[in-house]
>>> print(open('entry-v2.txt').read())   # compact mmCIF, C-alpha atoms
# COMPACT_ATOMS: atom_id res chain seq x y z
CA MET A 74 128.76 -28.73 170.24
CA LYS A 75 129.97 -26.93 167.13
CA PHE A 76 130.86 -28.85 163.97
CA ALA A 77 132.75 -27.81 160.84
CA VAL A 78 131.88 -29.36 157.47
CA ILE A 79 134.99 -28.96 155.31
CA VAL A 80 134.15 -28.11 151.70
CA PHE A 81 136.69 -28.92 148.98
CA PRO A 82 136.22 -28.16 145.29
CA GLY A 83 134.23 -31.23 144.23
CA SER A 84 132.72 -32.14 147.61
CA ASN A 85 129.09 -33.10 147.05
CA CYS A 86 127.85 -34.59 150.34
CA ASP A 87 128.52 -31.42 152.32
CA ILE A 88 124.89 -30.31 152.29
CA ASP A 89 123.68 -33.72 153.50
CA MET A 90 126.25 -33.59 156.30
CA TYR A 91 125.17 -30.08 157.27
CA HIS A 92 121.50 -31.14 157.26
CA ALA A 93 122.23 -34.18 159.44
CA ILE A 94 123.94 -32.06 162.09
CA LYS A 95 121.66 -29.04 162.06
CA ASP A 96 118.20 -30.50 161.48
CA GLU A 97 118.43 -34.09 162.72
CA LEU A 98 121.06 -33.92 165.44
CA GLY A 99 120.20 -30.36 166.49
CA GLU A 100 123.78 -29.11 166.98
CA GLN A 101 125.65 -26.11 165.59
CA VAL A 102 127.37 -26.49 162.22
CA GLU A 103 129.17 -24.33 159.67
CA TYR A 104 130.58 -24.88 156.20
CA VAL A 105 134.33 -24.29 156.12
CA TRP A 106 136.13 -23.70 152.80
CA HIS A 107 139.30 -25.68 152.10
CA ASP A 108 141.62 -22.67 152.38
CA THR A 109 140.52 -21.77 155.91
CA GLU A 110 143.43 -21.07 158.23
CA SER A 111 141.93 -21.95 161.60
CA LEU A 112 139.53 -24.54 162.97
CA ASP A 113 140.08 -23.51 166.58
CA GLU A 114 136.45 -22.51 167.13
CA PHE A 115 135.12 -25.97 166.23
CA ASP A 116 134.66 -28.98 168.51
CA GLY A 117 134.28 -31.57 165.76
CA ILE A 118 135.46 -31.76 162.13
CA LEU A 119 133.53 -33.50 159.34
CA LEU A 120 135.08 -34.34 155.96
CA PRO A 121 132.21 -35.08 153.57
CA GLY A 122 132.01 -37.31 150.52
CA GLY A 123 132.34 -36.28 146.91
CA PHE A 124 135.06 -36.07 144.30
CA SER A 125 137.50 -33.48 145.64
CA TYR A 126 139.66 -32.11 142.82
CA GLY A 127 137.90 -34.48 140.43
CA ASP A 128 139.66 -37.48 142.03
CA TYR A 129 142.67 -36.49 139.89
CA LEU A 130 145.83 -38.56 140.41
CA ARG A 131 144.29 -40.60 143.28
CA THR A 132 141.18 -40.07 145.40
CA GLY A 133 141.99 -37.54 148.10
CA ALA A 134 145.60 -37.05 146.94
CA ILE A 135 145.26 -33.35 146.06
CA ALA A 136 142.80 -32.38 148.82
CA ARG A 137 145.22 -33.77 151.38
CA PHE A 138 147.58 -30.85 150.64
CA SER A 139 144.96 -28.10 150.90
CA LYS A 140 145.53 -25.42 153.51
CA VAL A 141 142.79 -26.58 155.88
CA MET A 142 144.33 -30.04 156.23
CA LYS A 143 147.14 -28.64 158.40
CA GLU A 144 144.39 -27.52 160.74
CA VAL A 145 142.66 -30.89 160.55
CA VAL A 146 145.93 -32.55 161.62
CA LYS A 147 146.20 -30.02 164.46
CA ALA A 148 142.63 -30.77 165.56
CA ALA A 149 143.36 -34.51 165.43
CA ASP A 150 146.46 -34.00 167.58
CA ALA A 151 144.33 -32.01 170.03
CA GLY A 152 142.00 -35.00 170.38
CA LYS A 153 138.99 -33.46 168.67
CA PRO A 154 136.64 -35.89 166.92
CA ILE A 155 137.29 -36.05 163.16
CA LEU A 156 134.94 -37.97 160.87
CA GLY A 157 135.75 -38.62 157.20
CA VAL A 158 133.03 -40.21 155.08
CA CYS A 159 133.71 -41.73 151.66
CA ASN A 160 135.97 -39.18 149.93
CA GLY A 161 136.59 -37.79 153.42
CA PHE A 162 137.92 -41.23 154.43
CA GLN A 163 140.11 -41.31 151.31
CA ILE A 164 141.53 -37.89 152.22
CA LEU A 165 142.29 -39.04 155.80
CA LEU A 166 144.16 -42.07 154.39
CA GLU A 167 146.18 -39.91 151.98
CA ALA A 168 146.96 -37.51 154.83
CA GLY A 169 148.27 -40.36 156.95
CA LEU A 170 145.77 -39.68 159.73
CA LEU A 171 144.52 -43.23 159.20
CA PRO A 172 146.58 -46.22 157.98
CA GLY A 173 146.09 -47.98 154.62
CA ALA A 174 144.89 -46.99 151.16
CA MET A 175 141.93 -47.40 148.79
CA ARG A 176 141.90 -49.38 145.57
CA ARG A 177 139.27 -49.49 142.83
CA ASN A 178 136.27 -51.64 143.76
CA GLU A 179 136.91 -55.28 142.92
CA SER A 180 134.01 -55.24 140.43
CA LEU A 181 135.29 -51.96 138.90
CA SER A 182 131.70 -50.68 139.21
CA PHE A 183 130.51 -47.64 141.09
CA ILE A 184 128.34 -49.11 143.86
CA CYS A 185 125.39 -47.11 145.18
CA LYS A 186 123.02 -48.99 147.50
CA PRO A 187 122.15 -49.52 151.17
CA VAL A 188 124.43 -52.08 152.82
CA GLU A 189 124.33 -53.86 156.15
CA LEU A 190 127.16 -53.12 158.54
CA LYS A 191 128.16 -54.83 161.74
CA VAL A 192 129.23 -52.64 164.66
CA VAL A 193 132.34 -54.52 165.76
CA ASN A 194 133.52 -51.90 168.25
CA ASN A 195 130.93 -49.93 170.20
CA GLN A 196 133.54 -48.48 172.56
CA SER A 197 134.78 -45.72 170.23
CA MET A 198 133.60 -42.14 170.61
CA PHE A 199 131.73 -42.62 167.31
CA SER A 200 129.82 -45.77 168.20
CA THR A 201 128.77 -45.82 171.87
CA ALA A 202 125.08 -45.39 170.99
CA TYR A 203 125.12 -48.73 169.13
CA THR A 204 125.17 -52.13 170.79
CA GLN A 205 128.15 -54.41 170.23
CA GLY A 206 127.55 -56.63 167.21
CA GLU A 207 124.47 -54.66 166.11
CA THR A 208 123.58 -54.81 162.41
CA ILE A 209 122.76 -51.44 160.87
CA SER A 210 121.81 -50.31 157.37
CA ILE A 211 123.75 -47.41 155.83
CA PRO A 212 124.09 -46.51 152.13
CA VAL A 213 127.37 -46.71 150.21
CA ALA A 214 128.18 -44.75 147.04
CA HIS A 215 131.71 -45.17 145.76
CA GLY A 216 133.98 -46.47 143.01
CA GLU A 217 137.10 -46.72 145.16
CA GLY A 218 136.26 -48.22 148.52
CA ASN A 219 138.35 -51.35 148.36
CA TYR A 220 140.36 -50.92 151.56
CA TYR A 221 143.91 -52.23 151.68
CA CYS A 222 146.72 -52.30 154.22
CA ASP A 223 149.71 -54.56 154.78
CA GLU A 224 149.64 -57.49 157.23
CA GLU A 225 151.46 -55.65 159.98
CA THR A 226 149.03 -52.72 159.83
CA LEU A 227 146.08 -55.12 159.85
CA ALA A 228 147.46 -56.89 162.93
CA ASN A 229 147.77 -53.49 164.65
CA LEU A 230 144.23 -52.50 163.68
CA LYS A 231 142.95 -55.69 165.26
CA ALA A 232 145.16 -55.54 168.34
CA ASN A 233 144.06 -51.96 169.11
CA ASN A 234 140.40 -52.62 168.31
CA GLN A 235 140.52 -49.98 165.54
CA ILE A 236 138.03 -51.66 163.21
CA VAL A 237 134.64 -50.11 164.04
CA PHE A 238 132.37 -51.22 161.17
CA THR A 239 132.55 -54.24 158.85
CA TYR A 240 130.37 -55.14 155.85
CA GLN A 241 128.00 -58.08 156.31
CA ASP A 242 128.15 -58.76 152.57
CA ASN A 243 131.38 -57.20 151.26
CA PRO A 244 130.42 -54.99 148.27
CA ASN A 245 133.86 -53.79 147.12
CA GLY A 246 136.56 -56.33 148.01
CA SER A 247 137.80 -54.54 151.14
CA LEU A 248 140.34 -56.42 153.20
CA GLU A 249 138.64 -58.28 156.08
CA ASP A 250 135.29 -56.66 155.11
CA ILE A 251 136.52 -53.38 156.61
CA ALA A 252 134.03 -50.50 156.24
CA GLY A 253 135.30 -48.08 158.89
CA ILE A 254 138.39 -47.67 161.08
CA ILE A 255 139.63 -45.33 163.79
CA ASN A 256 143.16 -44.15 164.54
CA GLU A 257 145.07 -45.53 167.51
CA ARG A 258 144.01 -42.66 169.75
CA GLY A 259 140.38 -43.23 168.76
CA ASN A 260 139.40 -39.70 167.75
CA VAL A 261 139.62 -40.03 163.95
CA LEU A 262 137.09 -42.24 162.12
CA GLY A 263 137.07 -42.95 158.41
CA MET A 264 134.25 -44.92 156.78
CA MET A 265 133.04 -45.52 153.24
CA PRO A 266 129.28 -45.81 154.03
CA HIS A 267 127.36 -42.54 154.43
CA PRO A 268 125.79 -42.16 157.90
CA GLU A 269 124.62 -38.64 156.96
CA ARG A 270 122.33 -40.21 154.35
CA ALA A 271 120.63 -42.36 156.99
CA VAL A 272 119.36 -39.88 159.56
CA ASP A 273 115.61 -39.90 158.95
CA GLU A 274 113.07 -42.70 158.40
CA LEU A 275 111.71 -40.64 155.50
CA LEU A 276 115.04 -41.20 153.73
CA GLY A 277 114.80 -44.95 154.19
CA GLY A 278 116.44 -45.30 157.58
CA ALA A 279 117.94 -43.49 160.55
CA ASP A 280 120.71 -45.88 161.60
CA GLY A 281 123.37 -43.25 160.88
CA LEU A 282 122.03 -40.79 163.44
CA LYS A 283 123.38 -42.80 166.38
CA LEU A 284 126.90 -42.24 165.09
CA PHE A 285 126.51 -38.48 165.39
CA GLN A 286 124.75 -38.87 168.74
CA SER A 287 127.71 -40.91 169.98
CA ILE A 288 130.11 -38.10 169.07
CA VAL A 289 128.03 -35.52 170.94
CA ARG A 290 127.63 -37.79 173.95
CA SER A 291 131.39 -38.42 174.24
CA TRP A 292 132.15 -34.73 173.75
CA ARG A 293 129.65 -33.70 176.46
CA GLU A 294 131.05 -36.27 178.89
CA ALA A 295 134.55 -34.90 178.33
CA ASN A 296 133.85 -31.18 178.07
CA VAL A 297 130.67 -30.19 179.84
CA VAL A 298 130.95 -29.84 183.59
CA LYS A 299 128.02 -31.52 185.23
CA ALA A 300 126.02 -29.06 187.32
CA MET B 114 166.10 -28.47 131.71
CA PHE B 115 165.03 -32.06 132.02
CA LYS B 116 162.17 -34.16 130.84
CA VAL B 117 161.40 -36.76 133.49
CA LYS B 118 159.21 -39.75 132.68
CA VAL B 119 157.59 -41.17 135.80
CA TYR B 120 155.90 -44.59 135.89
CA VAL B 121 153.63 -45.38 138.84
CA THR B 122 152.40 -48.94 139.28
CA LEU B 123 150.55 -50.87 141.96
CA ARG B 124 152.90 -52.91 144.13
CA GLU B 125 153.30 -56.56 143.21
CA SER B 126 151.57 -57.59 146.44
CA VAL B 127 148.52 -55.43 145.70
CA LEU B 128 145.74 -56.88 143.57
CA ASP B 129 145.03 -54.75 140.49
CA PRO B 130 141.30 -55.10 139.66
CA GLN B 131 141.65 -53.15 136.39
CA GLY B 132 144.60 -55.22 135.23
CA LYS B 133 142.72 -58.41 136.07
CA ALA B 134 139.69 -57.33 134.03
CA VAL B 135 141.89 -56.43 131.05
CA THR B 136 143.74 -59.78 131.31
CA HIS B 137 140.40 -61.64 131.15
CA SER B 138 139.30 -59.50 128.23
CA LEU B 139 142.49 -60.23 126.25
CA GLN B 140 142.20 -63.93 126.97
CA SER B 141 138.61 -63.93 125.72
CA LEU B 142 139.87 -62.14 122.57
CA ASN B 143 141.96 -65.28 122.04
CA TYR B 144 145.32 -64.14 123.37
CA PRO B 145 145.86 -66.96 125.87
CA GLU B 146 149.59 -66.17 125.90
CA VAL B 147 148.89 -62.89 127.75
CA SER B 148 148.98 -64.18 131.30
CA ASP B 149 148.89 -60.91 133.21
CA VAL B 150 148.31 -57.16 132.83
CA ARG B 151 149.22 -54.53 135.40
CA ILE B 152 147.83 -51.04 134.85
CA GLY B 153 149.74 -47.99 135.99
CA LYS B 154 150.18 -44.31 135.32
CA TYR B 155 152.67 -42.50 133.14
CA MET B 156 153.56 -38.87 133.81
CA GLU B 157 155.94 -36.45 132.11
CA LEU B 158 157.50 -33.76 134.26
CA THR B 159 159.49 -30.83 132.93
CA ILE B 160 161.98 -29.78 135.56
CA GLU B 161 164.19 -26.71 135.30
CA LYS B 162 167.84 -26.92 136.32
CA SER B 163 168.28 -25.71 139.88
CA GLU B 164 170.76 -25.87 142.71
CA ARG B 165 169.00 -28.88 144.14
CA ASP B 166 169.98 -32.41 143.22
CA LEU B 167 167.63 -33.61 140.47
CA ASP B 168 167.18 -37.15 141.83
CA GLU B 169 166.40 -35.76 145.24
CA VAL B 170 163.69 -33.50 143.81
CA ILE B 171 162.15 -36.32 141.75
CA ASN B 172 162.15 -38.76 144.66
CA GLU B 173 160.52 -36.17 146.87
CA VAL B 174 157.69 -35.32 144.48
CA CYS B 175 157.11 -39.00 143.74
CA SER B 176 156.91 -40.12 147.34
CA LYS B 177 154.98 -37.04 148.51
CA LEU B 178 152.35 -36.79 145.81
CA LEU B 179 152.73 -38.72 142.55
CA ALA B 180 152.71 -42.19 144.13
CA ASN B 181 151.11 -43.52 147.31
CA PRO B 182 153.81 -45.65 148.94
CA VAL B 183 151.19 -47.77 150.74
CA ILE B 184 150.08 -49.40 147.48
CA GLU B 185 152.27 -48.03 144.67
CA ASP B 186 155.85 -48.16 143.42
CA TYR B 187 157.45 -45.68 141.02
CA ARG B 188 160.41 -45.52 138.70
CA TYR B 189 161.62 -42.80 136.38
CA GLU B 190 163.82 -41.93 133.43
CA VAL B 191 165.56 -38.61 132.89
CA GLU B 192 166.27 -36.91 129.54
CA GLU B 193 168.15 -33.67 129.35
CA CYS B 194 166.64 -31.38 126.76
CA VAL B 195 167.30 -28.01 125.22
CA PRO B 196 164.39 -25.54 125.38
CA GLN B 197 163.00 -24.71 121.93
>>> encode(input="entry-v2.txt", output="structure tokens")
Amino acid sequence: MKFAVIVFPGSNCDIDMYHAIKDELGEQVEYVWHDTESLDEFDGILLPGGFSYGDYLRTGAIARFSKVMKEVVKAADAGKPILGVCNGFQILLEAGLLPGAMRRNESLSFICKPVELKVVNNQSMFSTAYTQGETISIPVAHGEGNYYCDEETLANLKANNQIVFTYQDNPNGSLEDIAGIINERGNVLGMMPHPERAVDELLGGADGLKLFQSIVRSWREANVVKA
Amino acid sequence: MFKVKVYVTLRESVLDPQGKAVTHSLQSLNYPEVSDVRIGKYMELTIEKSERDLDEVINEVCSKLLANPVIEDYRYEVEECVPQ
């Protein structure tokens, strides 16, 4: 499976993402600059964390109009797995690929620490390697991770089982403890915690690796003909 | 050309953590009469006269980029000005 890590001016978790895929997951991966005109050769798209365009105006608001995002929308429409982490999640929200928006953390502080998450949906293509209800530890690092959506959107998220991860001890004020959601089709995941920072016991934990393994497993089941 | 003043604020229904912190700070500075603060953004756009309708252009740029309709509202004022 071949992944693209999209690099915007101000991305700073791109190298961690690349390392997770190449060295820990053992799949192919390439950095892709934000003005790239085609993502056709890639099977999965990763939007890393950071501060694209300095978080000017709103987090993700400028990156959402970069050239590559047209291709990300195209890949999403084609059913390819798209993962946005932290700033990547914020960009997916601004782009309308996921519903809702981010507000400043309730405490107004930048929060950087490992947090416990509950896997509330292990049926998505990003979470099949976890067990339903499993508690995992993944680090967060953000100032604007306070998820918000209106009541109707929240009802839809619940009805379609689109909430994948929730915080055990809500660090930022997110509505309903939401840490990660998928789109209705199930091929776009946005999450504030950083699974790419939890892929090796040497780094304090490897609970994030299963997320990437889930993506590869689903992709192989759908695309590789069994001999 | 026109000078357009755009104000972007969080929607009434959306909690404003910054505004809440500033409200508490003002109250602790002994201004109990300040019951609420909402923090927003102020932007000045210079827009050249064109064939397009000015309000249409402003509404487009506001809803596309300057404000996020999920959590924010905007309003604007227009001043016609003569280039120096």
>>> residues_around(input="entry-v2.txt", residues="segment 147-164 of chain B", least_positions_apart="5", cutoff="7 Å", atoms="all atoms listed in the file", output="number ranges by chain")
B: 114-123, 129, 131-133, 135-136, 140
>>> interface_residues(input="entry-v2.txt", of="chain A", to="chain B", cutoff="7 Å", atoms="only C-alpha atoms", output="ChimeraX atom specification")
/A:134,173-174,177,179,181
>>> residues_around(input="entry-v2.txt", residues="segment 85-94 of chain A", least_positions_apart="4", cutoff="10 Å", atoms="all atoms listed in the file", output="PDB file with C-alpha atoms, in the frame of the given file")
ATOM      1  CA  LYS A  75     129.970 -26.930 167.130  1.00  0.00           C
ATOM      2  CA  PHE A  76     130.860 -28.850 163.970  1.00  0.00           C
ATOM      3  CA  ALA A  77     132.750 -27.810 160.840  1.00  0.00           C
ATOM      4  CA  VAL A  78     131.880 -29.360 157.470  1.00  0.00           C
ATOM      5  CA  ILE A  79     134.990 -28.960 155.310  1.00  0.00           C
ATOM      6  CA  VAL A  80     134.150 -28.110 151.700  1.00  0.00           C
ATOM      7  CA  PHE A  81     136.690 -28.920 148.980  1.00  0.00           C
ATOM      8  CA  LEU A  98     121.060 -33.920 165.440  1.00  0.00           C
ATOM      9  CA  GLY A  99     120.200 -30.360 166.490  1.00  0.00           C
ATOM     10  CA  GLU A 100     123.780 -29.110 166.980  1.00  0.00           C
ATOM     11  CA  GLN A 101     125.650 -26.110 165.590  1.00  0.00           C
ATOM     12  CA  VAL A 102     127.370 -26.490 162.220  1.00  0.00           C
ATOM     13  CA  GLU A 103     129.170 -24.330 159.670  1.00  0.00           C
ATOM     14  CA  TYR A 104     130.580 -24.880 156.200  1.00  0.00           C
ATOM     15  CA  VAL A 105     134.330 -24.290 156.120  1.00  0.00           C
ATOM     16  CA  LEU A 119     133.530 -33.500 159.340  1.00  0.00           C
ATOM     17  CA  LEU A 120     135.080 -34.340 155.960  1.00  0.00           C
ATOM     18  CA  PRO A 121     132.210 -35.080 153.570  1.00  0.00           C
ATOM     19  CA  GLY A 122     132.010 -37.310 150.520  1.00  0.00           C
ATOM     20  CA  GLY A 123     132.340 -36.280 146.910  1.00  0.00           C
ATOM     21  CA  PHE A 124     135.060 -36.070 144.300  1.00  0.00           C
ATOM     22  CA  SER A 125     137.500 -33.480 145.640  1.00  0.00           C
ATOM     23  CA  VAL A 158     133.030 -40.210 155.080  1.00  0.00           C
ATOM     24  CA  CYS A 159     133.710 -41.730 151.660  1.00  0.00           C
ATOM     25  CA  ASN A 160     135.970 -39.180 149.930  1.00  0.00           C
ATOM     26  CA  GLY A 161     136.590 -37.790 153.420  1.00  0.00           C
ATOM     27  CA  HIS A 267     127.360 -42.540 154.430  1.00  0.00           C
ATOM     28  CA  PRO A 268     125.790 -42.160 157.900  1.00  0.00           C
ATOM     29  CA  GLU A 269     124.620 -38.640 156.960  1.00  0.00           C
ATOM     30  CA  ARG A 270     122.330 -40.210 154.350  1.00  0.00           C
ATOM     31  CA  ALA A 271     120.630 -42.360 156.990  1.00  0.00           C
ATOM     32  CA  VAL A 272     119.360 -39.880 159.560  1.00  0.00           C
ATOM     33  CA  ASP A 273     115.610 -39.900 158.950  1.00  0.00           C
ATOM     34  CA  GLY A 281     123.370 -43.250 160.880  1.00  0.00           C
ATOM     35  CA  LEU A 282     122.030 -40.790 163.440  1.00  0.00           C
ATOM     36  CA  PHE A 285     126.510 -38.480 165.390  1.00  0.00           C
ATOM     37  CA  GLN A 286     124.750 -38.870 168.740  1.00  0.00           C
TER      38      GLN A 286
END
>>> closest_residue(input="entry-v2.txt", among="A:Gln241, A:Gln196, A:Asn256, A:Gln235", to="Ile209 of chain A", atoms="only C-alpha atoms")
A:Gln241
>>> residues_around(input="entry-v2.txt", residues="Phe138 of chain A", least_positions_apart="3", cutoff="10 Å", atoms="all atoms listed in the file", output="mmCIF file with C-alpha atoms, in the coordinates of the input")
data_model
loop_
_atom_site.group_PDB
_atom_site.id
_atom_site.type_symbol
_atom_site.label_atom_id
_atom_site.label_comp_id
_atom_site.auth_asym_id
_atom_site.auth_seq_id
_atom_site.Cartn_x
_atom_site.Cartn_y
_atom_site.Cartn_z
ATOM 1 C CA HIS A 107 139.300 -25.680 152.100
ATOM 2 C CA GLY A 133 141.990 -37.540 148.100
ATOM 3 C CA ALA A 134 145.600 -37.050 146.940
ATOM 4 C CA ILE A 135 145.260 -33.350 146.060
ATOM 5 C CA VAL A 141 142.790 -26.580 155.880
ATOM 6 C CA MET A 142 144.330 -30.040 156.230
ATOM 7 C CA LYS A 143 147.140 -28.640 158.400
ATOM 8 C CA ILE A 164 141.530 -37.890 152.220
ATOM 9 C CA GLU A 167 146.180 -39.910 151.980
ATOM 10 C CA ALA A 168 146.960 -37.510 154.830
ATOM 11 C CA LYS B 177 154.980 -37.040 148.510
ATOM 12 C CA LEU B 178 152.350 -36.790 145.810
#
>>> atom_distance(input="entry-v2.txt", atom1="atom CA of Pro187 of chain A", atom2="atom CA of Arg137 of chain A")
27.9 Å
>>> residues_near_point(input="entry-v2.txt", point="(128.8, -46.6, 149.9)", cutoff="10 Å", atoms="all atoms listed in the file", output="mmCIF file with C-alpha atoms, keeping the file's coordinate frame")
data_model
loop_
_atom_site.group_PDB
_atom_site.id
_atom_site.type_symbol
_atom_site.label_atom_id
_atom_site.label_comp_id
_atom_site.auth_asym_id
_atom_site.auth_seq_id
_atom_site.Cartn_x
_atom_site.Cartn_y
_atom_site.Cartn_z
ATOM 1 C CA GLY A 122 132.010 -37.310 150.520
ATOM 2 C CA VAL A 158 133.030 -40.210 155.080
ATOM 3 C CA CYS A 159 133.710 -41.730 151.660
ATOM 4 C CA PHE A 183 130.510 -47.640 141.090
ATOM 5 C CA ILE A 184 128.340 -49.110 143.860
ATOM 6 C CA CYS A 185 125.390 -47.110 145.180
ATOM 7 C CA LYS A 186 123.020 -48.990 147.500
ATOM 8 C CA PRO A 187 122.150 -49.520 151.170
ATOM 9 C CA VAL A 188 124.430 -52.080 152.820
ATOM 10 C CA ILE A 211 123.750 -47.410 155.830
ATOM 11 C CA PRO A 212 124.090 -46.510 152.130
ATOM 12 C CA VAL A 213 127.370 -46.710 150.210
ATOM 13 C CA ALA A 214 128.180 -44.750 147.040
ATOM 14 C CA HIS A 215 131.710 -45.170 145.760
ATOM 15 C CA GLY A 216 133.980 -46.470 143.010
ATOM 16 C CA GLU A 217 137.100 -46.720 145.160
ATOM 17 C CA GLY A 218 136.260 -48.220 148.520
ATOM 18 C CA PRO A 244 130.420 -54.990 148.270
ATOM 19 C CA ASN A 245 133.860 -53.790 147.120
ATOM 20 C CA ALA A 252 134.030 -50.500 156.240
ATOM 21 C CA MET A 264 134.250 -44.920 156.780
ATOM 22 C CA MET A 265 133.040 -45.520 153.240
ATOM 23 C CA PRO A 266 129.280 -45.810 154.030
ATOM 24 C CA HIS A 267 127.360 -42.540 154.430
ATOM 25 C CA PRO A 268 125.790 -42.160 157.900
#
>>> atom_distance(input="entry-v2.txt", atom1="atom CA of Val145 of chain A", atom2="atom CA of Glu110 of chain A")
10.1 Å
>>> atom_distance(input="entry-v2.txt", atom1="atom CA of Val192 of chain A", atom2="atom CA of Gly206 of chain A")
5.0 Å
>>> closest_residue(input="entry-v2.txt", among="A:Trp292, A:Glu207, A:Ala228, A:Ser247", to="Phe115 of chain A", atoms="all atoms listed in the file")
A:Trp292
